[in-house]
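Asks: Handing you this structure, nothing more for now.
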Amino acid sequence: MVGVHLRAAATPGPNKGLDLQRGTGKDRNMLIRIRRGWEIPESQATPESVVMARRSLLGAGAGLIAATGTAQAQWRLFGSPVKEQPRKPLEAPRNAGFEAGRAITDEVNATTYNNYYEFGMSKSIVGPAQALVVEPWTIRIEGMVANPRTIGIEDLLKQVKLEERVYRFRCVEAWAMTVPWVGFPMADLLRIAEPQAGAKYIVFNTLADEKTMPGIREGFYPYPYTEGLTLAEAANELTMMTVGMYGKTLPPQNGAPIRFITPWKYGFKQAKSIVKISFTDKRPTGFWEALQAAEYGFWANVNPEVPHPRWSQARERLLGSGEMVPTQIWNGYGAYVADMYKGLEKERLFA
Ligand SMILES: Nc1nc2c(c(=O)[nH]1)N[C@H]1C(S)=C(S)[C@@H](COP(=O)(O)O)O[C@H]1N2
Ligand SMILES: [Mo]
């Protein structure tokens, strides 16, 4: 499977000819020939979606692959037909303690080249994602906590102080971006949630709404999207509950209204549109781990020397410029996180 290398060599950023070939039978009115999703050669599919596509074909659900990717292709050709949800300004003081050492990715690239499989298999889910209803939004806090409860996002935000941090972000598919996120330390969430003494893991479930999400209606995948962290990882000073980017609330496609960010881990850990947070003493199985445990594990820490079974992780392609740069262990955040993994060397820390 060499898709990632081909992709890396292709035009950078979201404006790729590649995605123009994706679409559904519904788009016959478009001027270009639309190749049906299930005709996408494996070499053009993204690594993560290859896993899903295989499963989808097994389940005779090839339509899912084709369900998206159209709106953005039109945008490239004719100007944006996507009416994006308005985003509220969300200015917060930048925490200068976190130097990304790279130029910030242009906002248009970070917000139009996405992985959000509930809305479709391609990178171009901006259009379908606008169906996400972000207000009102509540989060259920349960499991091993002092007081299980449901909290409105406004109430949660009243109890924390927002700040901006510029972090590098690395997807397991070997693309990367640098984003000014707005949010608050997950440590503050732990303080609010009050996990019990025996709790070891925090688990996030994200929205699974069949009314608005085509991927949920398909029913083939182990949704809701689930991810988890050890409580040490959750309390690490890098770990951020994130409600905004580029000085505004998160757009739906990037996980509005709330997701989390662990910049030393591959992107798939960083669950979007969180609706449930639970605490447990059992290691949770993540969405990707449930799909393909041999390729995606619990820890998913970035390491250029541990290749994915199907491609190298040595380098990454920056969204926008397309520049290829070396990947760093822990995505360059070892000074903050490496100590947490001492004594865990027997674990599969990097996949
Ligand atoms: N709910 C949900 N969260 C998700 C995903 C998803 O498909 N659904 N994709 C993950 C993957 S694979 C990546 S790389 C990042 C992408 O985040 P971005 O679209 O903001 O770049 O979100 C992660 N969180
Ligand atoms: Mo990813």
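In the structure tokens, each chain is lettered A, B, ... as it comes, each chain's residues begin at 1, and ligands are numbered from 1 in order of appearance.
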DSSP on the backbone, then: every residue of stretch 144-251 of chain A marked alpha helix (DSSP H), written as a VMD selection string.
Replies: chain A and resid 153 to 158 186 to 193 214 to 218 231 to 235
Asks: Taking only stretch 257-308 of chain A into account, list the residues labelled strand (DSSP E or B) by DSSP (computed from the backbone), as number ranges by chain.
Replies: A: 259-261, 265, 274-280, 301, 308
Asks: Using only C-alpha atoms and all ligand atoms, find each protein or nucleic acid residue lying at most 7 Å from ligand 2; present the set as JSON, numbers by chain.
Replies: {"A": [48, 115, 171, 172, 173, 266, 267, 268]}
Asks: Give as a PyMOL selection string the residues surrounding ligand 1 up to a distance of 9 Å, considering only C-alpha atoms and all ligand atoms.
Replies: chain A and resi 48+110-121+123+169-173+175-177+205-208+223-227+250-251+253-255+259-260+266-274+287-288
Asks: Using only C-alpha atoms, which residue out of A:Thr212, A:Gln292, A:Thr230, A:Thr249 lies closest to A:Ala129?
Replies: A:Thr212
Asks: Smallest atom-to-atom distance to A:Met52: which of A:Leu189, A:Val179, A:Ala290, A:Met213, using only C-alpha atoms?
Replies: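 Closest to A:Met52 of all the choices is A:Ala290.
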Asks: Measuring atom to atom with only C-alpha atoms, identify which of A:Leu291, A:Leu162, A:Val126, A:Leu319 is nearest to A:Val243.
Replies: A:Leu162
Asks: Atom CA of A:Glu154 to atom CA of A:Glu84: how many Å, to one decimal?
Replies: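 Here the two named atoms are 22.1 Å from each other.
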Asks: With only C-alpha atoms as the counted atoms, please give the residues lying no more than 8 Å from A:Tyr336, apart from itself and same-chain residues fewer than 2 positions off, as a CSV table (one decimal) with C-alpha atoms, in the first residue's frame.
Replies:
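Saved result, selection07.csv, follows:
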```
chain,number,residue,atom,x,y,z
A,236,ASN,CA,-0.1,16.1,31.2
A,237,GLU,CA,0.3,19.9,30.7
A,238,LEU,CA,0.2,19.5,27.0
A,333,TYR,CA,7.2,17.0,22.6
A,334,GLY,CA,9.4,14.4,24.4
A,338,ALA,CA,8.6,10.9,27.6
A,339,ASP,CA,8.8,10.4,31.3
```
